[in-house]
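*Asks:* I'd like to ask some things about the structure below.
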2 protein chains.
Amino acid sequence: MKLNDIDTPAVLIDIDRAEANLKKFQTYADNHSLTVRPHVKTHKLPRFAKRAVELGAIGITCQKLGEAEVMADAGLTDIFVPYNIIGKAKLERLANLNERITISVTADSEVTICGYAEAFAGRHKPLTVLVECDTGMGRCGVQSPEEAVALAKLIDASKGLVFAGFVTYPQTGAVEANEAFLAKAETLAIAAGLDPRIISNGGSPDMWRAHEVKSATEHRPGTYIYMDRFQVAKGAGTWDDCALTVLATVVSRPTENRAIVDAGSKVLSSDTFGMEGFGRVVEYPDAIISSLSEEHGTIDLSSSKNKPEIGDRIRIIPNHACVVSNLFDSVILISDDTVVEVAPVAARGRVD
Amino acid sequence: MKLNDIDTPAVLIDIDRAEANLKKFQTYADNHSLTVRPHVKTHKLPRFAKRAVELGAIGITCQKLGEAEVMADAGLTDIFVPYNIIGKAKLERLANLNERITISVTADSEVTICGYAEAFAGRHKPLTVLVECDTGMGRCGVQSPEEAVALAKLIDASKGLVFAGFVTYPQTGAVEANEAFLAKAETLAIAAGLDPRIISNGGSPDMWRAHEVKSATEHRPGTYIYMDRFQVAKGAGTWDDCALTVLATVVSRPTENRAIVDAGSKVLSSDTFGMEGFGRVVEYPDAIISSLSEEHGTIDLSSSKNKPEIGDRIRIIPNHACVVSNLFDSVILISDDTVVEVAPVAARGRVD
């Protein structure tokens, strides 16, 4: 089956580029003695999770239990869920996963830790917990190394729990502040007699600087497997590294400089990350995807010398690959523009 | 089952509010001799499509063929797809639908019309086609009433096609310009001996001004059934009309004025429509959902006297209800905060 046989809109994954991206970062990490624990949120496909492990990853990262359940069912055996797991229903699911595979989670509060302790005190297999640190991102995480170590002590003292280290999702660009926080937490933890054996750093934008965070033992890149317009803007990869593209058809050319395609926010999402436009049109790189409604993408061709006709098919590199994966029930795996397989996005929509 | 038994994040639909919203606009339209053809994109549920028809709607609107196929399978018999249907595969699907139910589509170019004519010339049941007009929105549609009538003539002259009228999705607030365009197209069409029996206007933001577009014979509201933060901002409804809320749990309180919930862009989407924040927290209306990542919602509590604790559950009215429906495999139908049913979102993800 050729690309011409695929109806639009569709998500195409160039498996050769994905493979190259996985290998390139694994090699970099090996060279810097960092373990790799890829985040599956970008692809949500067991095949790529398994492939990363075959290539040397120590395990995988999932953001929610629902994703971890899909990946465990598919045969992945070492999963980190860097999330505060709250509430009886989720703690029960976590306990079930902990019986089946090697799983670890995070906490950034006493409330979360007490929940874990209550759920695991009576179980034969303890739960591995890392303390989440806000090293600049402004999302979850304790605000100081001292707080991090206080929670580490609480985990260590709790029956049913094992303290394993510290984790962050850092602010893009703030490498030094990230390292300073983590290094201090590590030092204080060791001084307190604890063993922070894992210091886990994350993110694709700064992944080629991961070795500068010297205290980190592992890195959790996500988008690196597909790359996207934001990662290229941040210098993490090039256009030729982008493995995910959206295939779309021009359905209208209302004016000289306007084209409408059949890919809107239900395909590309509204993520901009502060950039102008909603993606890069591969065949018309000077065109600007200026607005989206749910089923229409509006393209401004003012700056594009060449202009597509109605019925022409174009490929779009989205601003953010991960959210595009989440919008499709299946993606088209391709190699040299030939269809290899239509793959169900197994962990799509797993928000809990 | 009570709300407390529902794990988060989840989408709750208050069926009493939805029913009231359907009835209120149907009554308004009846009073103004407008037919109603609701857009199902907001709910994507056959039950609400059918209910609108029971209450008096003439049929429904779907944006893509995939949605129309789901609704036809569920028993809906009159569907308008205001889209240029392009390409052999889709024209074949359209022809199949046209054999089964009453369906109509749009065109805004000769290319689209020629495609329809080629696909339908040899069939016993003709295809009903309306001409799409860009009356100010800047998306699809011809740019002038004269162009509209030229295409109307082409449809009328094409074997296998029946010209039925004009359609627009208008620019919010531009009621007068919308009416001026449509009225002129109608006049010119009649003068040319054509019968523009349907003049179809759309949108929820200006739906209570639908009667001011005097040439329109029907209106296609979508979001009106659920309402959302944008519709309230536009004055189309009140907070008490909002039928769709997201149930979320506070998973972290890293600082005095920051709360993190388990609903991020995979739940709320990144749609802002130019507003600050990503939704309204019902219990903390002064809080601002200041940023989203895929699985985290960051809430700024600076202006909120009351502040939630870790583990508290909150309800969020999203900026844009339609895209939230598209992110969930199922929604929880509630009445008086009691669960009535867990309903699969049958037309979710139908982007083609």
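How things are named: the first chain in the structure tokens is A, the next is B, and so on; residues count from 1 in each chain; ligands count from 1 in the order shown.
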Could you list the residues in chain A lying within 8 Å of chain B, using only C-alpha atoms, and format the result as a ChimeraX atom specification?
*Replies:* /A:7-9,63-64,84-87,89,108-109,111,139-143,251-255,260,262-263,266-267,269-271,294-296,298,310-311,323,326-329,349,351-352
*Asks:* Could you give me the residues within segment 5-165 of chain A that DSSP places in strand (DSSP E), as a PyMOL selection string?
*Replies:* chain A and resi 10-14+35-36+60-61+78-84+102-107+127-132+161-165
*Asks:* Produce a file of the selected residues containing N, CA and C atoms, as a short mmCIF file (atom, residue, chain, number, x, y, z; two decimals), in the first residue's frame.
*Replies:*
data_model
loop_
_atom_site.label_atom_id
_atom_site.label_comp_id
_atom_site.auth_asym_id
_atom_site.auth_seq_id
_atom_site.Cartn_x
_atom_site.Cartn_y
_atom_site.Cartn_z
N ALA A 10 -4.67 11.85 8.10
CA ALA A 10 -4.05 10.66 8.68
C ALA A 10 -2.71 11.05 9.31
N VAL A 11 -2.31 10.26 10.28
CA VAL A 11 -1.01 10.48 10.93
C VAL A 11 -0.04 9.44 10.41
N LEU A 12 1.05 9.93 9.85
CA LEU A 12 2.08 9.05 9.31
C LEU A 12 3.28 9.04 10.25
N ILE A 13 3.79 7.84 10.51
CA ILE A 13 5.00 7.71 11.33
C ILE A 13 6.08 7.05 10.49
N ASP A 14 7.16 7.78 10.25
CA ASP A 14 8.30 7.25 9.51
C ASP A 14 9.12 6.40 10.50
N THR A 35 21.29 6.35 32.24
CA THR A 35 20.29 5.40 31.77
C THR A 35 19.15 6.19 31.11
N VAL A 36 18.47 5.52 30.18
CA VAL A 36 17.37 6.15 29.45
C VAL A 36 16.06 5.47 29.86
N ILE A 60 10.46 2.21 30.99
CA ILE A 60 9.72 3.30 30.34
C ILE A 60 9.07 4.20 31.38
N THR A 61 8.59 5.33 30.92
CA THR A 61 7.85 6.27 31.74
C THR A 61 6.44 6.40 31.18
N ASP A 78 9.03 -2.70 33.40
CA ASP A 78 9.63 -1.74 34.33
C ASP A 78 9.10 -0.35 33.96
N ILE A 79 8.17 0.14 34.76
CA ILE A 79 7.47 1.38 34.41
C ILE A 79 7.52 2.37 35.58
N PHE A 80 7.88 3.59 35.25
CA PHE A 80 7.91 4.69 36.21
C PHE A 80 6.73 5.61 35.89
N VAL A 81 5.93 5.91 36.91
CA VAL A 81 4.80 6.84 36.75
C VAL A 81 5.07 8.06 37.64
N PRO A 82 5.66 9.11 37.08
CA PRO A 82 6.02 10.29 37.89
C PRO A 82 4.79 11.14 38.18
N TYR A 83 3.93 10.64 39.04
CA TYR A 83 2.66 11.30 39.33
C TYR A 83 2.28 10.98 40.77
N ASN A 84 1.60 11.92 41.42
CA ASN A 84 1.01 11.66 42.73
C ASN A 84 -0.25 10.82 42.50
N THR A 102 7.64 -4.31 37.78
CA THR A 102 8.43 -3.35 38.55
C THR A 102 7.86 -1.96 38.26
N ILE A 103 7.31 -1.33 39.29
CA ILE A 103 6.72 -0.02 39.06
C ILE A 103 7.21 0.94 40.14
N SER A 104 7.33 2.20 39.77
CA SER A 104 7.70 3.22 40.74
C SER A 104 6.86 4.46 40.48
N VAL A 105 6.67 5.24 41.55
CA VAL A 105 5.83 6.44 41.45
C VAL A 105 6.52 7.59 42.18
N THR A 106 5.85 8.75 42.18
CA THR A 106 6.42 9.89 42.89
C THR A 106 5.45 10.42 43.94
N ALA A 107 6.00 11.26 44.80
CA ALA A 107 5.19 12.00 45.77
C ALA A 107 5.83 13.36 45.96
N LEU A 127 6.23 -0.58 47.71
CA LEU A 127 6.12 0.36 46.59
C LEU A 127 7.35 1.26 46.56
N THR A 128 7.92 1.40 45.39
CA THR A 128 9.09 2.27 45.22
C THR A 128 8.62 3.70 44.92
N VAL A 129 9.12 4.65 45.74
CA VAL A 129 8.65 6.04 45.62
C VAL A 129 9.84 6.98 45.48
N LEU A 130 9.75 7.90 44.52
CA LEU A 130 10.73 8.98 44.37
C LEU A 130 10.06 10.29 44.77
N VAL A 131 10.84 11.24 45.20
CA VAL A 131 10.30 12.55 45.58
C VAL A 131 10.40 13.48 44.37
N GLU A 132 9.26 14.09 44.02
CA GLU A 132 9.26 15.00 42.88
C GLU A 132 9.69 16.39 43.31
N LEU A 161 6.85 1.11 51.95
CA LEU A 161 7.41 2.01 50.94
C LEU A 161 8.94 1.93 50.93
N VAL A 162 9.51 2.15 49.74
CA VAL A 162 10.97 2.20 49.60
C VAL A 162 11.32 3.52 48.92
N PHE A 163 12.18 4.28 49.54
CA PHE A 163 12.65 5.53 48.92
C PHE A 163 13.72 5.21 47.87
N ALA A 164 13.56 5.78 46.67
CA ALA A 164 14.52 5.45 45.60
C ALA A 164 15.27 6.64 45.05
N GLY A 165 14.81 7.86 45.34
CA GLY A 165 15.56 8.99 44.80
C GLY A 165 14.69 10.19 44.51
#
*Asks:* Could you list, as an MDAnalysis selection string, every residue within 9 Å of Lys153 of chain B, counting only C-alpha atoms and ignoring same-chain residues fewer than 5 positions away?
*Replies:* chainID B and resid 148 158 163 189 192 194
*Asks:* What separation in Å, quoted to one decimal, exists between atom CA of Gly274 of chain B and atom CA of Asp300 of chain A?
*Replies:*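 Value for the atom CA of Gly274 of chain B-atom CA of Asp300 of chain A distance: 19.8 Å.
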*Asks:* Could you check which of B:Ala52, B:Ala210, B:Ala121, B:Ala185 is closest to Pro145 of chain B, using only C-alpha atoms?
*Replies:*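 For Pro145 of chain B, the nearest of the candidates is B:Ala185.
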*Asks:* Looking at B:Ala150, B:Leu94, B:Val246, B:Val331, which one is nearest to Phe120 of chain B, with distances taken over only C-alpha atoms?
*Replies:*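 Once distances to Phe120 of chain B are computed over only C-alpha atoms, the minimum belongs to B:Leu94.
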*Asks:* Which residues come within 7 Å of segment 177-183 of chain A, counting only C-alpha atoms, excluding same-chain residues fewer than 4 positions away, as a VMD selection string?
*Replies:* chain A and resid 135 to 136 145 170 187 213 to 215
*Asks:* I need the residues in segment 188-344 of chain B that are helix (DSSP H, G or I) according to DSSP; give them as a PyMOL selection string.
*Replies:* chain B and resi 188-191+207-212+223-225+229-233+239-241+265-268+321-325
*Asks:* Record the distance separating atom CA of Ala74 of chain B and atom CA of Glu54 of chain B, expressed in Å with one decimal.
*Replies:*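 One can read the atom CA of Ala74 of chain B to atom CA of Glu54 of chain B distance as 14.5 Å.
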*Asks:* Given only C-alpha atoms as the basis, pick out the residue of A:Arg100, A:Met1, A:Asp336, A:Ala347 nearest to Gly66 of chain A.
*Replies:*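 Ranked by minimum distance to Gly66 of chain A, first place goes to A:Ala347.
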